[in-house]
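Q: So that you have it, the file is my_file.tsv, and it contains TSV, C-alpha atoms and all ligand atoms:
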```
chain	number	residue	atom	x	y	z
A	1	MET	CA	14.36	-24.31	-2.52
A	2	ASP	CA	11.04	-24.49	-0.72
A	3	ASP	CA	9.15	-22.13	-3.02
A	4	GLU	CA	10.43	-24.02	-6.03
A	5	LYS	CA	8.76	-27.20	-4.80
A	6	LYS	CA	5.51	-25.63	-3.71
A	7	SER	CA	4.84	-23.07	-6.42
A	8	THR	CA	3.71	-23.49	-10.01
A	9	VAL	CA	5.07	-21.30	-12.78
A	10	LEU	CA	2.22	-19.89	-14.82
A	11	VAL	CA	3.08	-19.61	-18.52
A	12	ILE	CA	0.81	-17.36	-20.60
A	13	ASP	CA	1.33	-17.46	-24.34
A	14	ASP	CA	-1.03	-17.86	-27.28
A	15	ASP	CA	1.56	-19.93	-29.16
A	16	ALA	CA	1.18	-23.60	-28.22
A	17	LEU	CA	4.74	-24.33	-29.33
A	18	VAL	CA	6.16	-21.79	-26.87
A	19	ARG	CA	3.93	-23.04	-24.03
A	20	ASN	CA	4.96	-26.63	-24.64
A	21	TYR	CA	8.63	-25.77	-24.98
A	22	ILE	CA	8.75	-23.80	-21.69
A	23	SER	CA	6.71	-26.48	-19.90
A	24	SER	CA	8.94	-29.32	-21.02
A	25	VAL	CA	12.17	-27.48	-20.11
A	26	LEU	CA	10.95	-26.48	-16.63
A	27	LYS	CA	9.46	-29.90	-15.92
A	28	LYS	CA	12.82	-31.48	-16.65
A	29	PHE	CA	14.11	-29.41	-13.74
A	30	HIS	CA	11.16	-30.55	-11.56
A	31	ILE	CA	9.48	-27.16	-11.68
A	32	ALA	CA	5.69	-27.42	-11.94
A	33	VAL	CA	4.03	-25.51	-14.77
A	34	GLU	CA	0.50	-24.45	-15.63
A	35	THR	CA	-0.36	-22.79	-18.92
A	36	ALA	CA	-2.88	-20.32	-20.27
A	37	GLU	CA	-3.62	-19.34	-23.86
A	38	ASN	CA	-4.16	-15.62	-23.26
A	39	GLY	CA	-3.90	-12.88	-20.65
A	40	GLU	CA	-7.49	-13.17	-19.54
A	41	GLU	CA	-7.30	-16.91	-18.94
A	42	GLY	CA	-3.96	-16.41	-17.21
A	43	TYR	CA	-5.34	-13.67	-14.98
A	44	ASN	CA	-8.25	-15.87	-13.93
A	45	ILE	CA	-5.94	-18.77	-13.09
A	46	PHE	CA	-3.70	-16.46	-11.09
A	47	LYS	CA	-6.61	-14.77	-9.32
A	48	ALA	CA	-8.06	-18.11	-8.24
A	49	SER	CA	-4.86	-19.00	-6.42
A	50	PRO	CA	-2.23	-16.21	-6.23
A	51	GLU	CA	-0.22	-17.97	-3.53
A	52	SER	CA	0.45	-20.99	-5.72
A	53	HIS	CA	1.41	-18.97	-8.81
A	54	LYS	CA	4.21	-16.82	-7.54
A	55	ILE	CA	5.98	-16.67	-10.89
A	56	VAL	CA	4.32	-15.75	-14.16
A	57	ILE	CA	5.94	-15.87	-17.59
A	58	VAL	CA	3.84	-13.82	-19.98
A	59	ASP	CA	3.97	-13.12	-23.70
A	60	LEU	CA	3.35	-9.59	-24.97
A	61	MET	CA	1.18	-9.97	-28.03
A	62	MET	CA	-1.98	-11.97	-27.47
A	63	SER	CA	-5.41	-11.51	-28.97
A	64	VAL	CA	-7.29	-11.55	-25.65
A	65	MET	CA	-5.57	-9.38	-23.04
A	66	GLY	CA	-1.95	-8.87	-24.05
A	67	GLY	CA	1.02	-8.85	-21.70
A	68	LEU	CA	0.90	-5.11	-20.97
A	69	GLU	CA	-2.73	-5.24	-19.95
A	70	PHE	CA	-2.08	-8.34	-17.87
A	71	ILE	CA	0.78	-6.69	-15.95
A	72	GLU	CA	-1.23	-3.54	-15.39
A	73	LYS	CA	-4.19	-5.51	-14.04
A	74	VAL	CA	-2.09	-7.67	-11.75
A	75	ARG	CA	-0.11	-4.77	-10.31
A	76	LYS	CA	-3.26	-2.79	-9.65
A	77	ASN	CA	-4.60	-5.56	-7.50
A	78	TYR	CA	-1.68	-7.52	-6.09
A	79	MET	CA	1.23	-6.24	-4.08
A	80	PRO	CA	4.74	-7.49	-4.86
A	81	PRO	CA	6.69	-9.64	-4.28
A	82	TYR	CA	3.98	-11.81	-5.88
A	83	PRO	CA	3.69	-12.55	-8.64
A	84	TYR	CA	7.19	-12.23	-10.05
A	85	ILE	CA	6.52	-11.39	-13.70
A	86	ILE	CA	8.87	-12.34	-16.52
A	87	VAL	CA	7.91	-10.92	-19.91
A	88	LEU	CA	8.63	-12.82	-23.13
A	89	THR	CA	9.81	-10.43	-25.81
A	90	SER	CA	11.28	-10.48	-29.27
A	91	LYS	CA	14.20	-8.48	-30.59
A	92	GLY	CA	13.22	-4.92	-31.42
A	93	GLU	CA	10.62	-4.62	-28.68
A	94	GLU	CA	12.83	-2.57	-26.36
A	95	ASP	CA	10.31	0.24	-25.96
A	96	ILE	CA	7.58	-2.15	-24.88
A	97	VAL	CA	9.99	-3.86	-22.51
A	98	ALA	CA	10.62	-0.51	-20.84
A	99	GLU	CA	6.88	-0.01	-20.54
A	100	CYS	CA	6.45	-3.47	-18.98
A	101	LEU	CA	9.14	-2.83	-16.41
A	102	ASP	CA	7.60	0.52	-15.66
A	103	LEU	CA	4.24	-1.11	-15.08
A	104	GLY	CA	5.79	-3.52	-12.61
A	105	ALA	CA	7.20	-6.49	-14.53
A	106	ASN	CA	10.30	-7.87	-12.84
A	107	ASP	CA	12.31	-9.24	-15.72
A	108	PHE	CA	12.23	-10.06	-19.42
A	109	LEU	CA	13.46	-12.85	-21.64
A	110	THR	CA	14.14	-12.28	-25.32
A	111	LYS	CA	13.25	-15.07	-27.74
A	112	PRO	CA	14.73	-17.44	-28.79
A	113	ILE	CA	15.12	-18.71	-25.25
A	114	THR	CA	17.66	-21.39	-24.52
A	115	PRO	CA	16.81	-23.97	-21.81
A	116	LYS	CA	19.75	-22.78	-19.73
A	117	LEU	CA	18.65	-19.15	-19.84
A	118	LEU	CA	15.06	-20.05	-19.02
A	119	VAL	CA	15.96	-22.10	-15.97
A	120	THR	CA	18.44	-19.46	-14.80
A	121	TYR	CA	15.77	-16.75	-14.95
A	122	VAL	CA	13.16	-18.87	-13.21
A	123	ARG	CA	15.62	-19.86	-10.49
A	124	LYS	CA	16.53	-16.20	-10.04
A	125	ALA	CA	12.82	-15.42	-9.68
A	126	PHE	CA	12.39	-18.11	-7.01
A	127	LYS	CA	15.40	-16.78	-5.18
A	128	THR	CA	14.07	-13.22	-5.26
A	129	ILE	CA	10.61	-14.08	-3.96
A	130	SER	CA	12.01	-16.22	-1.18
A	131	MET	CA	14.11	-13.34	0.15
A	132	ILE	CA	12.68	-11.51	3.10
A	133	ASP	CA	11.09	-8.21	2.18
A	134	PRO	CA	12.90	-5.50	4.20
A	135	ASN	CA	9.54	-3.80	4.62
A	136	LEU	CA	8.65	-6.55	7.06
A	137	LEU	CA	11.00	-4.74	9.44
A	138	LEU	CA	8.23	-2.20	9.78
A	139	GLU	CA	6.69	-4.67	12.15
A	140	ILE	CA	9.29	-3.71	14.77
A	141	PRO	CA	8.02	-0.20	15.61
A	142	THR	CA	4.47	-1.53	15.32
A	143	LYS	CA	5.15	-4.29	17.85
A	144	LEU	CA	6.85	-1.81	20.19
A	145	MET	CA	3.77	0.35	20.06
A	146	GLU	CA	1.48	-2.61	20.58
A	147	SER	CA	3.15	-3.35	23.89
A	148	LYS	CA	2.15	0.13	25.03
A	149	ASP	CA	-0.94	1.13	23.16
A	150	LEU	CA	-2.95	-1.30	21.07
A	151	TYR	CA	-5.28	1.49	20.01
A	152	THR	CA	-2.54	3.30	18.08
A	153	VAL	CA	-1.49	0.10	16.32
A	154	LEU	CA	-5.01	-0.76	15.18
A	155	HIS	CA	-5.55	2.88	14.28
A	156	SER	CA	-2.39	2.89	12.12
A	157	GLU	CA	-3.53	-0.26	10.30
A	158	ASN	CA	-6.93	1.27	9.64
A	159	VAL	CA	-5.41	4.54	8.42
A	160	ARG	CA	-3.20	2.53	6.11
A	161	LEU	CA	-6.23	0.77	4.63
A	162	TYR	CA	-8.33	3.91	4.12
A	163	SER	CA	-5.37	5.90	2.74
A	164	SER	CA	-4.50	3.14	0.32
A	165	VAL	CA	-8.05	2.92	-1.05
A	166	LEU	CA	-8.38	6.69	-1.25
A	167	SER	CA	-5.10	7.11	-3.11
A	168	LYS	CA	-6.09	4.41	-5.61
A	169	LEU	CA	-9.45	6.10	-6.22
A	170	LEU	CA	-7.72	9.41	-6.68
A	171	LEU	CA	-5.41	8.06	-9.35
A	172	GLN	CA	-7.91	5.86	-11.11
A	173	GLU	CA	-10.91	8.09	-11.22
A	174	THR	CA	-9.72	11.64	-11.49
A	175	ASP	CA	-7.32	13.88	-13.28
A	176	TYR	CA	-6.26	15.35	-9.98
A	177	VAL	CA	-3.58	17.72	-11.17
A	178	ASP	CA	-1.51	17.61	-8.04
A	179	ILE	CA	-0.30	14.04	-8.45
A	180	ASP	CA	3.27	13.91	-9.64
A	181	GLU	CA	3.35	12.79	-13.29
A	182	ALA	CA	5.88	10.12	-12.34
A	183	TYR	CA	3.22	8.38	-10.30
A	184	ARG	CA	0.54	8.52	-12.97
A	185	ASN	CA	1.91	5.43	-14.67
A	186	SER	CA	2.73	3.67	-11.48
A	187	LEU	CA	-0.28	3.24	-9.31
A	188	TYR	CA	1.62	0.71	-7.28
A	189	ASP	CA	4.39	3.12	-6.22
A	190	PHE	CA	2.00	5.89	-5.27
A	191	THR	CA	-0.30	3.80	-3.13
A	192	TYR	CA	2.49	1.70	-1.67
A	193	GLU	CA	4.43	4.73	-0.45
A	194	ILE	CA	1.29	6.21	1.05
A	195	GLU	CA	0.48	2.91	2.76
A	196	VAL	CA	3.89	2.69	4.40
A	197	GLY	CA	3.72	6.32	5.49
A	198	ALA	CA	0.20	5.83	6.87
A	199	LEU	CA	1.33	2.84	8.88
A	200	LEU	CA	4.10	4.95	10.40
A	201	HIS	CA	2.16	8.21	10.73
A	202	ASP	CA	1.86	8.19	14.53
A	203	THR	CA	5.18	6.46	15.39
A	204	GLY	CA	6.38	9.71	16.97
A	205	LYS	CA	4.05	8.87	19.88
A	206	ILE	CA	6.69	6.43	21.11
A	207	ALA	CA	8.69	9.52	22.12
A	208	ILE	CA	5.79	11.01	24.15
A	209	PRO	CA	5.86	10.32	27.92
A	210	ASP	CA	3.57	7.37	28.75
A	211	LEU	CA	1.61	9.34	31.33
A	212	ILE	CA	0.42	11.70	28.63
A	213	TRP	CA	0.21	9.34	25.69
A	214	MET	CA	-1.84	6.78	27.55
A	215	LYS	CA	-3.82	9.13	29.75
A	216	PRO	CA	-7.29	7.64	30.22
A	217	GLY	CA	-9.13	10.88	29.51
A	218	ARG	CA	-9.01	14.12	27.63
A	219	TYR	CA	-5.78	16.12	27.50
A	220	SER	CA	-5.23	19.46	29.19
A	221	PRO	CA	-4.06	22.26	26.82
A	222	GLU	CA	-0.44	21.70	27.99
A	223	GLU	CA	-0.68	17.96	27.49
A	224	ARG	CA	-2.25	18.48	24.07
A	225	LYS	CA	0.73	20.66	23.06
A	226	ILE	CA	3.08	17.85	24.08
A	227	MET	CA	0.97	15.24	22.25
A	228	GLU	CA	1.14	17.38	19.12
A	229	THR	CA	4.91	17.00	19.07
A	230	HIS	CA	4.46	13.37	17.95
A	231	THR	CA	4.54	14.84	14.42
A	232	THR	CA	7.87	16.65	14.77
A	233	LYS	CA	9.41	13.92	16.92
A	234	GLY	CA	8.49	11.28	14.33
A	235	ALA	CA	9.85	13.48	11.54
A	236	LEU	CA	13.07	14.14	13.45
A	237	ALA	CA	13.65	10.40	13.70
A	238	MET	CA	13.61	10.32	9.88
A	239	THR	CA	16.00	13.21	9.26
A	240	ASN	CA	19.00	10.94	9.05
A	241	LEU	CA	17.34	8.81	6.38
A	242	ILE	CA	16.30	11.89	4.40
A	243	ASN	CA	19.88	13.16	4.40
A	244	ARG	CA	21.32	9.81	3.40
A	245	TYR	CA	18.80	9.05	0.67
A	246	PRO	CA	17.77	12.46	-0.68
A	247	THR	CA	16.31	11.02	-3.89
A	248	SER	CA	14.25	8.24	-2.28
A	249	THR	CA	10.58	9.01	-2.88
A	250	ILE	CA	9.36	6.51	-0.29
A	251	ILE	CA	11.38	8.14	2.49
A	252	LYS	CA	10.20	11.57	1.36
A	253	THR	CA	6.56	10.42	1.32
A	254	CYS	CA	6.85	8.85	4.79
A	255	TYR	CA	8.43	12.03	6.15
A	256	GLU	CA	5.64	14.17	4.69
A	257	ILE	CA	2.96	11.99	6.23
A	258	VAL	CA	4.61	11.68	9.62
A	259	ARG	CA	5.21	15.42	9.93
A	260	TRP	CA	2.17	16.90	8.27
A	261	HIS	CA	-0.82	14.56	8.74
A	262	HIS	CA	-2.33	17.03	11.25
A	263	GLU	CA	-2.03	20.05	8.99
A	264	ARG	CA	-5.32	21.53	7.80
A	265	TRP	CA	-6.26	22.86	4.37
A	266	ASP	CA	-7.25	26.20	5.99
A	267	GLY	CA	-3.84	26.55	7.64
A	268	LYS	CA	-5.10	26.00	11.19
A	269	GLY	CA	-3.37	22.67	11.72
A	270	TYR	CA	-0.02	21.75	13.25
A	271	PRO	CA	2.99	21.58	13.53
A	272	ASP	CA	3.83	24.11	10.81
A	273	GLY	CA	0.49	25.68	9.94
A	274	LEU	CA	0.90	24.80	6.26
A	275	LYS	CA	-2.00	25.82	4.08
A	276	GLY	CA	-3.70	24.34	0.98
A	277	LYS	CA	-1.30	22.76	-1.46
A	278	GLU	CA	1.68	23.66	0.70
A	279	ILE	CA	0.69	20.44	2.44
A	280	PRO	CA	1.98	17.49	0.39
A	281	ILE	CA	-0.73	15.39	-1.24
A	282	SER	CA	0.35	12.31	0.74
A	283	ALA	CA	-0.39	14.09	4.04
A	284	ARG	CA	-3.68	15.48	2.69
A	285	ILE	CA	-4.85	11.95	1.87
A	286	VAL	CA	-3.80	10.52	5.23
A	287	ALA	CA	-5.44	13.44	7.09
A	288	ILE	CA	-8.86	12.32	5.84
A	289	ALA	CA	-8.22	8.66	6.68
A	290	ASP	CA	-6.87	9.66	10.11
A	291	VAL	CA	-9.94	11.66	11.14
A	292	PHE	CA	-12.35	9.06	9.75
A	293	ASP	CA	-10.70	6.32	11.78
A	294	ALA	CA	-10.39	8.41	14.95
A	295	LEU	CA	-14.14	9.08	14.84
A	296	THR	CA	-15.11	5.48	14.17
A	297	THR	CA	-12.98	4.09	17.01
A	298	ARG	CA	-13.97	3.91	20.66
A	299	ARG	CA	-11.87	5.96	23.09
A	300	ILE	CA	-11.86	5.80	26.86
A	301	TYR	CA	-13.64	9.16	27.06
A	302	ARG	CA	-16.24	8.54	24.34
A	303	ASN	CA	-17.95	5.82	22.34
A	304	GLU	CA	-17.17	5.32	18.70
A	305	TYR	CA	-19.38	6.95	16.09
A	306	SER	CA	-20.93	4.83	13.38
A	307	PRO	CA	-19.24	5.34	9.98
A	308	GLU	CA	-22.36	7.18	8.80
A	309	GLN	CA	-22.22	9.54	11.81
A	310	ALA	CA	-18.49	10.03	11.28
A	311	LEU	CA	-19.10	11.11	7.68
A	312	GLU	CA	-21.77	13.57	8.87
A	313	ILE	CA	-19.36	15.04	11.41
A	314	MET	CA	-16.64	15.34	8.81
A	315	ILE	CA	-19.02	17.15	6.44
A	316	ASN	CA	-20.53	19.48	9.06
A	317	GLU	CA	-17.80	20.12	11.59
A	318	GLU	CA	-14.57	19.75	9.69
A	319	ASP	CA	-15.10	22.70	7.39
A	320	GLY	CA	-11.75	23.84	6.06
A	321	HIS	CA	-9.93	20.79	7.40
A	322	PHE	CA	-9.49	18.77	4.23
A	323	ASP	CA	-8.44	19.25	0.64
A	324	PRO	CA	-11.91	19.78	-0.89
A	325	GLU	CA	-11.18	17.81	-4.06
A	326	ILE	CA	-9.82	14.75	-2.26
A	327	PHE	CA	-12.61	14.95	0.31
A	328	LYS	CA	-15.14	15.00	-2.54
A	329	ILE	CA	-13.73	11.73	-3.89
A	330	PHE	CA	-13.85	10.27	-0.37
A	331	LEU	CA	-17.52	11.24	-0.02
A	332	GLN	CA	-18.38	9.95	-3.47
A	333	HIS	CA	-17.34	6.54	-2.18
A	334	ASP	CA	-19.01	6.85	1.22
A	335	LYS	CA	-20.57	3.39	0.92
A	336	LEU	CA	-17.19	1.80	0.30
A	337	PHE	CA	-15.55	3.53	3.29
A	338	THR	CA	-18.56	2.78	5.49
A	339	ALA	CA	-18.32	-0.91	4.61
A	340	LEU	CA	-14.55	-0.94	5.19
A	341	ALA	CA	-14.98	0.74	8.60
A	342	LYS	CA	-17.64	-1.76	9.63
A	343	SER	CA	-15.48	-4.73	8.69
A	344	ARG	CA	-12.50	-3.21	10.51
A	345	MET	CA	-14.61	-2.61	13.62
A	346	THR	CA	-15.55	-6.31	13.74
A	347	ALA	CA	-11.96	-7.39	13.08
A	348	GLN	CA	-10.70	-5.13	15.86
A	349	ILE	CA	-13.10	-6.46	18.46
A	350	LEU	CA	-11.84	-9.97	17.68
A	351	GLU	CA	-8.23	-8.79	17.82
A	352	ILE	CA	-8.70	-7.12	21.20
A	353	GLN	CA	-10.51	-10.18	22.57
A	354	LYS	CA	-7.68	-12.40	21.34
A	355	LEU	CA	-5.01	-10.24	22.98
A	356	SER	CA	-6.88	-9.93	26.25
A	357	LYS	CA	-6.94	-13.73	26.50
A	358	LEU	CA	-3.13	-13.97	26.25
A	401	FE	FE	-1.24	11.81	14.61
A	402	FE	FE	-3.41	9.17	13.74
```
Give the structure from the file, written as structure tokens.

A:
Amino acid sequence: MDDEKKSTVLVIDDDALVRNYISSVLKKFHIAVETAENGEEGYNIFKASPESHKIVIVDLMMSVMGGLEFIEKVRKNYMPPYPYIIVLTSKGEEDIVAECLDLGANDFLTKPITPKLLVTYVRKAFKTISMIDPNLLLEIPTKLMESKDLYTVLHSENVRLYSSVLSKLLLQETDYVDIDEAYRNSLYDFTYEIEVGALLHDTGKIAIPDLIWMKPGRYSPEERKIMETHTTKGALAMTNLINRYPTSTIIKTCYEIVRWHHERWDGKGYPDGLKGKEIPISARIVAIADVFDALTTRRIYRNEYSPEQALEIMINEEDGHFDPEIFKIFLQHDKLFTALAKSRMTAQILEIQKLSKL
């Protein structure tokens, strides 16, 4: 397998005997291995080159950064499928194993580990990471949109970025009571679901007639009403999925974002006029990211505002639009969002130039 030849398995264990044993077994099967004596050293090796350490085998008990802390740190900063984490455990550690899996470990191996079992698990890991992530299929609606309206595609990517950062800040820095307890221990799930939803938030625009969607100017009141249906049209396209997978949180989150990202905290938004916490938290996060990006992006009928101006407008003119607590967190990190917007603006100019040369 290609990944098996290119990637190195990172083994993190403070016991030299275990490190040497795993290394010698895997090397016999021509699998490259690198070792670290504790979680901190392992994290630094991984961080320096995540792409070449797609599989990590990590022990639980280590004096400097144990396995739990290592998994938590990696999953906060790196999106699956990499690295694939296998935890080394001993008999009787079932509770900790559950915690590891909950934090985002992929598998566990209970000592003593036979060579056959070790190689089987590592092979399984290589197989899993080489499989195509079904989420890549999200590129299809994005590409369809790109052929019609590059602005909406770039906008969706920006909204994904801002929403992702905002949701992480919300979980890490506050005791925001409205976040489902289930997400509290899984930062990855919360932000990932919001990211996917944010990327899809305006997909309903595909169902809007081109003459209106791509009108090079401001909309008339009638046209605006039609444009507003991108929320309900997008949500309608998801009804089938909701019915088939009623317990899937990612589908639920995407639906909430697609349908309600234009709702306002004061109840004056659309399509349903939801008010306050009637609006799901996912949609309240994306609403802030959506307005921030719309203001900092150039439109045919107006120039873009600088991120600093956009923040001013959001503070002065958007009274009652946003969840005040989430908006407060957003403003507390104004420098971060300003920097992100500036880097996205540069990236977008390059992207547009590249496409116009095609
Ligand atoms: Fe929208
Ligand atoms: Fe939008």

Q: State, in Å with one decimal place, the distance from atom CA of A:Val11 to atom CA of A:Lys111.

A: 14.5 Å

Q: Using only C-alpha atoms, which of the listed residues (A:Val9, A:Leu17, A:Val25, A:Val97) sits closest to A:Ser52?

A: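 Going through A:Val9, A:Leu17, A:Val25, A:Val97 one by one, the smallest distance to A:Ser52 is for A:Val9.
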
Q: Interatomic distance between atom CA of A:Val74 and atom CA of A:Leu340?

A: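 Atom CA of A:Leu340 lies 22.1 Å from atom CA of A:Val74.
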
Q: Which residues are near A:Ile55? Cut-off 12 Å, all atoms listed in the file, ignore same chain within fewer than 5 positions. Put them as number ranges by chain.

A: A: 3-4, 6-12, 31-35, 42, 46, 49-50, 80-87, 105-107, 121-130

Q: Between atom CA of A:Ala235 and atom CA of A:Ile251, what is the spacing in Å?

A: 10.6 Å

Q: Using only C-alpha atoms, pick whichever of A:Glu69, A:Glu40, A:Glu304, A:Asp202 has the shortest atom-to-atom distance to A:Tyr255.

A: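 Ranked by minimum distance to A:Tyr255, first place goes to A:Asp202.
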
Q: Which chains and residue numbers are within 8 Å of ligand FE 402 (chain A), counting only C-alpha atoms and all ligand atoms, if I want them as a ChimeraX atom specification?

A: /A:152,155-156,159,201-202,261,290-291,294
